[in-house]
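Here the structure is laid out as structure tokens; the discussion comes afterwards.
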Amino acid sequence: MKSIQYAIIGGTGVYDSGVASDKVSVQTEFGEIEVDIAEVQGNSIVFLARHGKQHGIPPHRINYRANIKALQKLGVKQIFATAAVGSLNPDFPTGSLVLLADFLDMTKQRPLTFFEGGLDGAKHVNMDDPYCQNLRQQLTDTAIQHKVNFTGDAVYICTEGPRFETEAEIKMMRQWGADVVGMTSVPEVVLAKELGMCYASVGFVVNMATGMESGPIQLVEIEEMLSRNKKIINRLFLGIFSKKPDQQNCACADSIVYL
Ligand SMILES: [Zn+2]
């Protein structure tokens, strides 16, 4: 099979790329992963539904290493992800689209790395730029062209889940500088960087976090929002692939430090 450079990892509400595709199973040492492969404007892209097609896998049970390893085996160099998030920042109200810029990690019990020592020795991955600044720039530029409005850059705090946060936790997270909260971006972004891939993620705010001021919101409103945002995000990502982003403007392919 020929190498495929680009991938979309769809989060909550984004279970397909919106274009015709073929299903492919990829075997990795961490497990087997099913992806869709589509042809878009002369590019092959991989689509991976993070939670499975039926949203059956909760955040703490996702096989993050198998997902990222499968993408690497297909040849992927750039990953565009989506994440449904809660907002801790009144400037990012429900319905906002934000660009993830950095993260705080409060996960507790998931495999966090491909680097397990042994013959490989101790390896560490650089986190100067966890969300690739090159891809973020491409997303910003393409959003302007497609009249998609990003409300701002956001610091994402990743919790273990599947429970939501307490009001006291949200107060603490705000003091730490978190703007949005979710349950999946870590270790996904870290694992991608460990394998030298560029990774960017668009967050869409589906609710205000526990204890934050918000009007009443119905499940049907969230579903409508997810459906609307899915179309916008797919259009944005497909617009970027036509520009053929590469790794010339970033150091993501060289992020490993050996000690
Ligand atoms: Zn990069």
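In the structure tokens, chains take the letters A, B, ... in the order shown, each chain's residues start at 1, and ligands count up from 1 in the order shown.
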Considering only C-alpha atoms, return as a compact mmCIF listing (two decimals) with all heavy atoms, in the first residue's frame whatever protein or nucleic-acid residues lie within 9 Å of Glu167 in chain A, sequence-local ones (same chain, fewer than 2 positions apart) excluded.
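Result went into part-v7.txt, see below:
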# COMPACT_ATOMS: atom_id res chain seq x y z
N GLU A 165 -15.94 16.87 35.87
CA GLU A 165 -15.15 17.46 36.93
C GLU A 165 -16.08 18.03 38.02
O GLU A 165 -17.22 18.37 37.75
CB GLU A 165 -14.29 18.61 36.37
CG GLU A 165 -13.43 18.21 35.19
CD GLU A 165 -14.22 17.98 33.91
OE1 GLU A 165 -15.14 18.76 33.60
OE2 GLU A 165 -13.92 16.98 33.22
N GLU A 169 -12.73 21.28 41.42
CA GLU A 169 -11.67 20.99 40.43
C GLU A 169 -11.63 22.06 39.35
O GLU A 169 -10.55 22.50 38.93
CB GLU A 169 -11.90 19.60 39.81
CG GLU A 169 -11.54 18.46 40.74
CD GLU A 169 -11.97 17.09 40.20
OE1 GLU A 169 -12.93 17.02 39.40
OE2 GLU A 169 -11.36 16.09 40.60
N ILE A 170 -12.80 22.46 38.88
CA ILE A 170 -12.84 23.48 37.82
C ILE A 170 -12.25 24.80 38.32
O ILE A 170 -11.49 25.46 37.60
CB ILE A 170 -14.29 23.67 37.30
CG1 ILE A 170 -14.74 22.40 36.56
CG2 ILE A 170 -14.41 24.90 36.40
CD1 ILE A 170 -13.97 22.08 35.30
N LYS A 171 -12.55 25.16 39.57
CA LYS A 171 -11.96 26.39 40.13
C LYS A 171 -10.44 26.28 40.14
O LYS A 171 -9.73 27.23 39.77
CB LYS A 171 -12.46 26.59 41.57
CG LYS A 171 -13.82 27.24 41.64
CD LYS A 171 -14.20 27.51 43.10
CE LYS A 171 -15.63 28.01 43.19
NZ LYS A 171 -16.21 27.81 44.51
N MET A 172 -9.92 25.13 40.54
CA MET A 172 -8.47 24.92 40.57
C MET A 172 -7.89 24.98 39.15
O MET A 172 -6.87 25.63 38.91
CB MET A 172 -8.18 23.55 41.19
CG MET A 172 -6.72 23.13 41.18
SD MET A 172 -6.52 21.43 41.74
CE MET A 172 -7.14 20.54 40.30
N ALA A 209 -18.16 24.26 31.78
CA ALA A 209 -17.76 23.26 32.78
C ALA A 209 -18.56 23.45 34.07
O ALA A 209 -19.18 24.49 34.30
CB ALA A 209 -16.26 23.40 33.05
N THR A 210 -18.50 22.44 34.92
CA THR A 210 -19.27 22.42 36.17
C THR A 210 -19.06 23.70 36.98
O THR A 210 -17.92 24.10 37.23
CB THR A 210 -18.82 21.21 37.03
OG1 THR A 210 -18.84 20.04 36.23
CG2 THR A 210 -19.74 21.03 38.24
N GLY A 211 -20.15 24.32 37.36
CA GLY A 211 -20.06 25.51 38.20
C GLY A 211 -19.92 26.80 37.42
O GLY A 211 -20.02 27.88 37.99
N MET A 212 -19.65 26.69 36.11
CA MET A 212 -19.53 27.90 35.29
C MET A 212 -20.94 28.38 34.92
O MET A 212 -21.85 27.57 34.74
CB MET A 212 -18.76 27.62 33.99
CG MET A 212 -17.33 27.17 34.19
SD MET A 212 -16.26 28.51 34.71
CE MET A 212 -16.33 29.60 33.29
Practice task
Find the residues around Leu100 in chain A up to 12 Å (only C-alpha atoms counted), leave out those fewer than 6 positions away in its own chain, and share them as a count of residues only.
Solution key: 40
Practice task
Using only C-alpha atoms and all ligand atoms, find each protein or nucleic acid residue lying at most 6 Å from ligand 1; present the set as a PyMOL selection string.
Solution key: chain A and resi 132+134+198+247+250-252
Handout entry: Atom pair CA of Ser96 in chain A / CA of Asn234 in chain A: separation (Å)
Key = 16.0 Å
Problem - Selection: 8 Å around Glu194 in chain A, only C-alpha atoms, excl. self and same-chain fewer than 2 positions, as a PyMOL selection string - result: chain A and resi 113-114+125+190-192+196-197+255-256
Listing only residues of range 34-80 of chain A within 7 Å of range 11-29 of chain A, what is the closest atom pair and its distance in Å (to one decimal) for each, using only C-alpha atoms, sorted by chain and residue number ascending, as a Markdown table?
| residue | atom | partner | partner_atom | distance |
| --- | --- | --- | --- | --- |
| A:Glu34 | CA | A:Ser25 | CA | 4.4 |
| A:Val35 | CA | A:Val24 | CA | 5.4 |
| A:Asp36 | CA | A:Lys23 | CA | 4.5 |
| A:Ile37 | CA | A:Asp22 | CA | 5.2 |
| A:Ala38 | CA | A:Ser21 | CA | 4.3 |
| A:Phe47 | CA | A:Ser17 | CA | 6.3 |
| A:Ala49 | CA | A:Tyr15 | CA | 5.2 |
| A:Arg50 | CA | A:Gly11 | CA | 5.6 |
| A:His51 | CA | A:Gly11 | CA | 6.8 |
| A:Lys53 | CA | A:Tyr15 | CA | 5.6 |
| A:Ala66 | CA | A:Thr28 | CA | 6.2 |
| A:Lys69 | CA | A:Thr28 | CA | 6.6 |
| A:Ala70 | CA | A:Val26 | CA | 5.8 |
For the residues in the current selection, export C-alpha atoms as a PDB file, in the first residue's frame.
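What follows is the written file out_20.pdb:
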ATOM      1  CA  GLU A  34      -9.980  -0.002  11.723  1.00  0.00           C
ATOM      2  CA  VAL A  35      -9.677   3.199   9.708  1.00  0.00           C
ATOM      3  CA  ASP A  36     -11.293   4.719   6.623  1.00  0.00           C
ATOM      4  CA  ILE A  37      -9.168   5.774   3.674  1.00  0.00           C
ATOM      5  CA  ALA A  38     -10.505   8.386   1.299  1.00  0.00           C
ATOM      6  CA  PHE A  47      -9.885   8.885   8.965  1.00  0.00           C
ATOM      7  CA  ALA A  49     -12.896   7.616  14.794  1.00  0.00           C
ATOM      8  CA  ARG A  50     -11.249   7.964  18.198  1.00  0.00           C
ATOM      9  CA  HIS A  51     -14.178   6.512  20.154  1.00  0.00           C
ATOM     10  CA  LYS A  53     -17.851   4.455  14.935  1.00  0.00           C
ATOM     11  CA  ALA A  66      -2.672   1.394  18.773  1.00  0.00           C
ATOM     12  CA  LYS A  69       0.906   3.402  15.770  1.00  0.00           C
ATOM     13  CA  ALA A  70      -1.639   2.422  13.096  1.00  0.00           C
TER      14      ALA A  70
END
Problem - Selected residue of minimal separation from Tyr64 in chain A among A:Asn207, A:Gln218, A:Thr184, A:Asn229, counting only C-alpha atoms - result: A:Thr184
Fill in the blank from the handout: What separates CA of Glu213 in chain A and CA of Trp176 in chain A is a distance of 19.0 Å
Fill in the blank from the handout: For Leu104 in chain A, the closest of A:Asp141, A:Glu160, A:Asp120, A:Glu221 counting only C-alpha atoms is A:Glu160
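Comparing the minimum interatomic distances between Val148 in chain A and each of A:Gly56, A:Leu99, A:Ile33, A:Val220, counting only C-alpha atoms, we find that A:Leu99 sits nearest.
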